[in-house]
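A short write-up of the structure that comes next.
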Amino acid sequence: MVAPMSKRRCGVGCAVLSDLLYAVGGHDGQSYLNSIERYDPHTNQWCGDVAPTSSCRTSVGVAVLDGFLYAVGGQDGVSCLNFVERYDPQTNRWNKVAGMSTKRLGVAVAVLGGHLYAIGGSDGTSPLNTVERYDPRTNRWCPVSPMGTRRKHLGCAVYNNMIYAVGGRDDTTELSSAERYNPQSNQWQPIVAMTSRRSGVGLAVVNGLLYAVGGFDGSTYLKTIEVYDPEKNQWCLCGSMNYRRLGGGVGVVRIPHLETYFR
C-alpha cells in the first residue's frame with residue numbers, strides 16, 4: 001500500500017514537482033494547516049521537511065509552473081484568501097507573488113501555455129464562474145472568459161491544450177456537469193456530464209483519459225472513480241478507492257516496482 005501522510009488533510013492542495021507529490025495545507029479535523037508533506041514514490045515515504053506556507057490554508061489550489069510550486073487562495077479559518085505564494089524547491093522558501101483580483105476558496109488551478117489559471121471557487125459568499133490568469137513574466141493577473149456555470153470545490157485538469165472543469169457546487173446543489181476551456185478562442189464549451197454529482201472532486205489525466213476521483217454527491221461521500229474519454233465525449237465508472245474521500249488531492253507520479261505496493 002502507499003504510505004499514509006503524517007496528518008489528516010481535508011481540502012488539501014496537491015501537485016507534482018520533479019516526480020515528487022506535494023500535499024499543501026488542508027484541515028485535520030481540528031486545525032487549519034500551513035504544513036506541507038512531500039511524497040517520494042521511490043521510497044514510498046512522506047517527508048515533512050518542506051517549509052510551511054506563510055498562513056494556514058484549506059480549500060487551496062496548488063499547481064506547478066516553471067519549476068515552482070504555487071499555492072493559490074483558500075481560507076485560513078478566518079477569511080477567504082486572494083493571495084498567492086510560490087515555492088522554490090532549491091531554496092526551500094515560499095515568497096508571495098501578486099494576489100488575485102478576487103478572493104477564492106475551493107478554487108481550481110491549472111497551468112497552460114506558460115500561465116497559471118485560477119478557476120471558479122467561492123469569494124466567501126457565493127460560488128464563482130469567473131476565471132483569471134497569472135503571467136509569471138509580468139507578475140500580473142488578468143481576467144479571461146468565465147465558465148458557463150458557477151462552481152466551487154470543482155476539479156480541473158489540462159489535456160490536449162484544453163482546461164477541463166468538472167463538478168463542484170453552485171448556489172444550491174452539487175454538480176455533475178463539466179466544461180472545457182479553449183485558450184485560442186477564449187471560450188468555454190460544455191461536455192457531457194459525469195454519471196454522478198461530485199463536489200470536492202479530484203481530477204487528473206492518465207494516458208489521455210481524465211479520472212474524476214471521489215467527492216460528495218449531496219448525500220454520500222464517494223469512493224467511486226469515473227473516467228472520461230475526450231475522443232468519445234463519454235464518462236463511465238471504472239472502479240472505487242478503498243476509502244470515501246471529499247476534498248482529497250490527486251496527482252500523477254510514476255511508481256517504480258509497482259508490485260511491491262500491493263503485497
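Residues are named by chain letter and number: chains run A, B, ... in the order of the C-alpha cells, numbers start at 1 in each chain, and ligands are numbered from 1 in the order shown.
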Could you make a table, as CSV, of the residues of segment 23-69 of chain A that have an atom within 8 Å of an atom of segment 86-108 of chain A, each with its nearest atom pair and distance in Å to one decimal, counting only C-alpha atoms, in chain and number order?
residue,atom,partner,partner_atom,distance
A:Val50,CA,A:Asn92,CA,6.4
A:Ala51,CA,A:Asn92,CA,5.9
A:Pro52,CA,A:Trp94,CA,7.8
A:Thr53,CA,A:Trp94,CA,6.4
A:Ser54,CA,A:Trp94,CA,7.6
A:Thr58,CA,A:Leu105,CA,7.9
A:Ser59,CA,A:Gly106,CA,4.6
A:Val60,CA,A:Gly106,CA,6.2
A:Gly61,CA,A:Ala108,CA,5.4
A:Val62,CA,A:Ala108,CA,7.9
A:Gly67,CA,A:Asp88,CA,7.6
A:Phe68,CA,A:Asp88,CA,5.4
A:Leu69,CA,A:Tyr87,CA,4.9
For those residues, write C-alpha atoms to a file as a PDB file, in the first residue's frame.
ATOM      1  CA  VAL A  50       9.226  21.316   3.319  1.00  0.00           C
ATOM      2  CA  ALA A  51       8.902  24.908   4.525  1.00  0.00           C
ATOM      3  CA  PRO A  52       5.322  25.828   5.531  1.00  0.00           C
ATOM      4  CA  THR A  53       3.258  28.453   3.775  1.00  0.00           C
ATOM      5  CA  SER A  54       3.034  31.853   5.458  1.00  0.00           C
ATOM      6  CA  THR A  58      -7.568  24.795   3.304  1.00  0.00           C
ATOM      7  CA  SER A  59      -9.554  24.561   0.061  1.00  0.00           C
ATOM      8  CA  VAL A  60      -6.371  25.827  -1.585  1.00  0.00           C
ATOM      9  CA  GLY A  61      -5.425  25.468  -5.240  1.00  0.00           C
ATOM     10  CA  VAL A  62      -1.942  24.143  -5.998  1.00  0.00           C
ATOM     11  CA  GLY A  67       9.729  24.574 -11.657  1.00  0.00           C
ATOM     12  CA  PHE A  68       7.916  26.441  -8.880  1.00  0.00           C
ATOM     13  CA  LEU A  69       5.005  25.299  -6.724  1.00  0.00           C
TER      14      LEU A  69
END
**Message:** Quick one: residues within 6 Å of segment 186-197 of chain A, only C-alpha atoms, excluding same-chain residues fewer than 6 positions away - as a PyMOL selection string?
**Reply:** chain A and resi 145+147+174-180+217+235
**Asked** What separation in Å, quoted to one decimal, exists between atom CA of Leu154 of chain A and atom CA of Val166 of chain A?
**Response**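 Computing the Euclidean distance for atom CA of Leu154 of chain A and atom CA of Val166 of chain A yields 5.8 Å.
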**Message:** I'd like the neighbourhood of Thr224 of chain A as number ranges by chain, where a residue qualifies if any of its atoms comes within 7 Å (using only C-alpha atoms), though same-chain residues fewer than 6 positions away should be ignored.
**Reply:** A: 213-214, 239-241
Return as JSON lines the residues of segment 151-214 of chain A lying at most 12 Å from segment 7-10 of chain A, together with the closest atom-to-atom pair for each and the distance in Å to one decimal, counting only C-alpha atoms, with rows in chain order and ascending residue number.
{"residue": "A:His153", "atom": "CA", "partner": "A:Cys10", "partner_atom": "CA", "distance": 11.7}
{"residue": "A:Gly200", "atom": "CA", "partner": "A:Cys10", "partner_atom": "CA", "distance": 9.5}
{"residue": "A:Val201", "atom": "CA", "partner": "A:Cys10", "partner_atom": "CA", "distance": 11.6}
**Asked** For Ile119 of chain A, which of A:Ala63, A:Cys156, A:Ala212, A:Leu246 is the closest residue, counting only C-alpha atoms?
**Response**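 Nearest to Ile119 of chain A: A:Cys156.
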